[in-house]
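Take a look at the structure below.
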Amino acid sequence: MFEQIHCAPMEGVTRAIFRREHHALFGGCDSYVTPFLAPSADGVFSEKELREVLPEACAGVPTVPQLITARPEHFLWAAEKMGELGYRQVDLNLGCPSGTVVAKHKGSGMLADPETLDRFFDAVFQGMPGGMTLSVKTRIGLEDKDNWPRLLEIFDRYPIALLTVHPRLRRQFYKGKPDLEAFLAALEGVHLPLCYNGDIFTVEDARALRQRFPTVEQLMVGRGLVANPALAREIRGGAPLTGAELRQFHDSLLEGYCACILGEVNILHKMKELWNYWACLFPEDKKGVKALRKSRDLAEYRRAARAVLSAEPMKNGGYFPET
């Protein structure tokens, strides 16, 4: 259906352990974009950031580090460091809607000033390390899409390896419907490789998108892929998620978190965050999911999770966020 499917970065969720286990168990994704790394003036990545991109953490997993900064010199320093780690592509985050990020004119905050973004690209593409390519993940604007035509002109002037468009404004965060007319404007207005991202929760969603935009060959999925880890495989015509697979994925992630996160409370927080998505797979067991979410220690959590996961996940289901 699509030539390439990519896993979207989700802060705090699609960590290195998630990407490794997902790739090994389900496959279906041609690349995994990391949650963003934020280069700064001190020229040092934090240990937490490095753990997400070190070769041993990403061995065998097609990984693309994502960077977030409004300073071209910081971006170029980080791109060089990623090159030293063996990466040949980095991604620029122009989509993060977080208030603290936007206040620093990073992420989707950069979309409010197209001319500054143009100067950023000019400096970056003049200084990119040899052999490195740059992809971009963007929204369509900050408060409105008045700048979208100008932004598309700017994108189209640079050798961007892949332009991923999440057709929402920053003020929408992840609510409301994606603006498919804005995506069509990108499809008609740029000559770059284009990737669609936004509200692909089921195979049917992917088919509908393909029918609407038959020339789009690349798809990026985030929340839908976390909710149904087999979604990319299913979109490619593969088998649906099984209970045995989900139990194995759950247990691998739990043991991985126990090995790298201190404190049961922190581990429980990470696992319960995943259940914000997985709960949709067990719509008939609201009581069991509630007990799992209320668990106060790992022993209690393991019992509750085991009970829920003893059932088969709903077939042809999907994550349905509040709108």
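By order of appearance in the structure tokens: chains A, B, ..., then residues from 1 within every chain, and ligands from 1 in the order shown.
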
DSSP-assigned strand (DSSP E) among segment 86-143 of chain A, expressed as a PyMOL selection string: chain A and resi 89-94+133-138

For those residues, write N, CA and C atoms to a file as a CSV table (one decimal), in the first residue's frame.
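Listed below is the output, again.csv:
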```csv
chain,number,residue,atom,x,y,z
A,89,GLN,N,21.5,10.3,8.4
A,89,GLN,CA,20.4,11.2,8.3
A,89,GLN,C,20.0,11.7,9.7
A,90,VAL,N,19.6,13.0,9.7
A,90,VAL,CA,19.0,13.6,11.0
A,90,VAL,C,17.7,14.3,10.6
A,91,ASP,N,16.8,14.4,11.5
A,91,ASP,CA,15.5,15.0,11.3
A,91,ASP,C,15.4,16.3,12.1
A,92,LEU,N,14.8,17.3,11.5
A,92,LEU,CA,14.5,18.6,12.2
A,92,LEU,C,13.1,18.6,12.7
A,93,ASN,N,12.9,18.9,13.9
A,93,ASN,CA,11.6,19.0,14.5
A,93,ASN,C,11.0,20.4,14.3
A,94,LEU,N,10.0,20.5,13.5
A,94,LEU,CA,9.2,21.7,13.3
A,94,LEU,C,7.8,21.5,13.7
A,133,THR,N,22.3,13.7,5.3
A,133,THR,CA,21.1,14.3,4.8
A,133,THR,C,20.2,14.7,5.9
A,134,LEU,N,19.2,15.6,5.5
A,134,LEU,CA,18.3,16.3,6.5
A,134,LEU,C,16.9,16.0,6.1
A,135,SER,N,16.1,15.5,7.0
A,135,SER,CA,14.7,15.4,6.8
A,135,SER,C,14.0,16.4,7.7
A,136,VAL,N,12.7,16.6,7.5
A,136,VAL,CA,12.0,17.6,8.3
A,136,VAL,C,10.6,17.1,8.6
A,137,LYS,N,10.2,17.2,9.9
A,137,LYS,CA,8.8,16.9,10.3
A,137,LYS,C,8.2,18.2,10.7
A,138,THR,N,7.0,18.6,10.1
A,138,THR,CA,6.5,19.9,10.3
A,138,THR,C,5.0,19.9,10.5
```

Which residues come within 10 Å of Pro114 of chain A, counting only C-alpha atoms, excluding same-chain residues fewer than 5 positions away, as a VMD selection string? chain A and resid 119 to 120 147 to 148 150 to 154

I want to know what sits within 8 Å of segment 52-62 of chain A, based on only C-alpha atoms, with residues of the same chain fewer than 2 positions away left out; could you give that as JSON, numbers by chain? {"A": [15, 16, 17, 19, 20, 23, 30, 31, 32, 34, 48, 49, 50, 64, 65, 85, 86]}

Neighbour list for Ile68 of chain A as a PyMOL selection string, cut-off 10 Å, only C-alpha atoms, skip fewer than 5 positions in-chain: chain A and resi 35-40+74-75+78+91-96+101+106-108

Would you mind exporting N, CA and C atoms of the selected residues as a short mmCIF file (atom, residue, chain, number, x, y, z; two decimals), in the first residue's frame?
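Full text of part.cif as output:
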```cif
data_model
loop_
_atom_site.label_atom_id
_atom_site.label_comp_id
_atom_site.auth_asym_id
_atom_site.auth_seq_id
_atom_site.Cartn_x
_atom_site.Cartn_y
_atom_site.Cartn_z
N PRO A 35 12.56 10.38 19.65
CA PRO A 35 12.16 11.60 20.32
C PRO A 35 13.32 12.60 20.27
N PHE A 36 12.98 13.90 20.23
CA PHE A 36 14.00 14.89 19.89
C PHE A 36 15.12 15.00 20.92
N LEU A 37 16.30 15.29 20.38
CA LEU A 37 17.47 15.67 21.17
C LEU A 37 17.61 17.18 21.02
N ALA A 38 17.98 17.86 22.10
CA ALA A 38 18.04 19.31 22.10
C ALA A 38 19.48 19.79 22.29
N PRO A 39 20.22 20.01 21.20
CA PRO A 39 21.59 20.52 21.33
C PRO A 39 21.58 21.94 21.90
N SER A 40 22.60 22.26 22.68
CA SER A 40 22.66 23.57 23.32
C SER A 40 24.06 24.15 23.20
N HIS A 74 24.06 25.18 16.46
CA HIS A 74 23.78 24.06 17.36
C HIS A 74 23.35 22.83 16.56
N PHE A 75 22.54 23.06 15.55
CA PHE A 75 22.09 21.95 14.71
C PHE A 75 23.28 21.28 14.02
N ALA A 78 25.32 19.18 16.35
CA ALA A 78 24.65 17.92 16.68
C ALA A 78 24.66 16.96 15.49
N ASP A 91 16.84 14.42 11.51
CA ASP A 91 15.53 15.01 11.27
C ASP A 91 15.39 16.28 12.09
N LEU A 92 14.80 17.32 11.49
CA LEU A 92 14.54 18.57 12.19
C LEU A 92 13.09 18.61 12.66
N ASN A 93 12.90 18.87 13.94
CA ASN A 93 11.57 18.95 14.52
C ASN A 93 11.01 20.36 14.34
N LEU A 94 9.99 20.49 13.48
CA LEU A 94 9.24 21.73 13.33
C LEU A 94 7.79 21.52 13.74
N GLY A 95 7.55 20.53 14.59
CA GLY A 95 6.18 20.19 14.91
C GLY A 95 5.82 20.19 16.38
N CYS A 96 6.80 20.11 17.28
CA CYS A 96 6.47 19.99 18.70
C CYS A 96 5.60 21.16 19.16
N VAL A 101 8.61 24.66 24.58
CA VAL A 101 9.40 24.59 23.35
C VAL A 101 9.08 25.78 22.46
N LYS A 106 11.36 27.21 19.17
CA LYS A 106 11.77 25.93 18.63
C LYS A 106 10.55 25.13 18.22
N GLY A 107 10.78 23.97 17.61
CA GLY A 107 9.65 23.14 17.21
C GLY A 107 8.70 23.91 16.31
N SER A 108 7.41 23.79 16.57
CA SER A 108 6.44 24.51 15.74
C SER A 108 6.54 26.02 15.93
#
```

Taking 3 positions as the minimum chain separation for residues in the same chain, which residues sit within 8 Å of Ser310 of chain A when counting only C-alpha atoms? Answer as a VMD selection string. chain A and resid 243 306 to 307

Between A:Leu281, A:Leu298, A:Met10, A:Leu292, which residue has the minimum interatomic distance to Cys258 of chain A, considering only C-alpha atoms? A:Leu298

Interface rows for segment 202-269 of chain A against segment 172-195 of chain A: nearest pair, Å to one decimal, 9 Å, only C-alpha atoms, as a tab-separated table:
```
residue	atom	partner	partner_atom	distance
A:Phe213	CA	A:Leu184	CA	8.1
A:Thr215	CA	A:Leu187	CA	8.8
A:Val216	CA	A:Leu194	CA	6.9
A:Glu217	CA	A:Cys195	CA	7.2
A:Gln218	CA	A:Cys195	CA	4.6
A:Leu219	CA	A:Cys195	CA	5.2
A:Met220	CA	A:Cys195	CA	6.7
```

Using only C-alpha atoms, which of A:Val33, A:Glu284, A:Leu25, A:His6 sits nearest His250 of chain A? A:Leu25

In segment 23-213 of chain A, DSSP alpha helix (DSSP H) residues written as JSON, numbers by chain: {"A": [23, 24, 25, 47, 48, 49, 50, 51, 52, 53, 72, 73, 74, 75, 76, 77, 78, 79, 80, 81, 82, 83, 84, 99, 100, 101, 102, 103, 114, 115, 116, 117, 118, 119, 120, 121, 122, 123, 124, 125, 126, 127, 148, 149, 150, 151, 152, 153, 154, 155, 156, 180, 181, 182, 183, 184, 185, 186, 187, 188, 189, 203, 204, 205, 206, 207, 208, 209, 210, 211, 212]}

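Taking atom CA of Ala227 of chain A and atom CA of Tyr277 of chain A as endpoints, the distance between them is 4.4 Å.
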
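Nearest residue to Leu209 of chain A, choosing from A:Ala244, A:Leu253, A:Ala24, A:Met1 and counting only C-alpha atoms: A:Met1.
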
Considering only C-alpha atoms, can you say which of A:Val265, A:Val289, A:Cys29, A:Val203 comes closest to Arg303 of chain A? A:Val289

To one decimal in Å, tell me the separation between atom CA of Val13 of chain A and atom CA of Gly141 of chain A.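 Pair atom CA of Val13 of chain A / atom CA of Gly141 of chain A returns 25.0 Å.
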
Of the candidates A:Pro214, A:Gly127, A:Gly238, A:Pro229, which shows the shortest atom-to-atom distance to Trp278 of chain A, using only C-alpha atoms?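 Nearest candidate to Trp278 of chain A out of A:Pro214, A:Gly127, A:Gly238, A:Pro229: A:Pro229.
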
Take atom CA of Pro129 of chain A and atom CA of Ala79 of chain A and report the distance between them in Å, one decimal.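 For atom CA of Pro129 of chain A relative to atom CA of Ala79 of chain A, the distance reads 7.2 Å.
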
Restricting the calculation to only C-alpha atoms, which member of A:Ala239, A:Ala8, A:Ala304, A:Ala70 is positioned closest to Asp199 of chain A?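 Closest candidate: A:Ala8.
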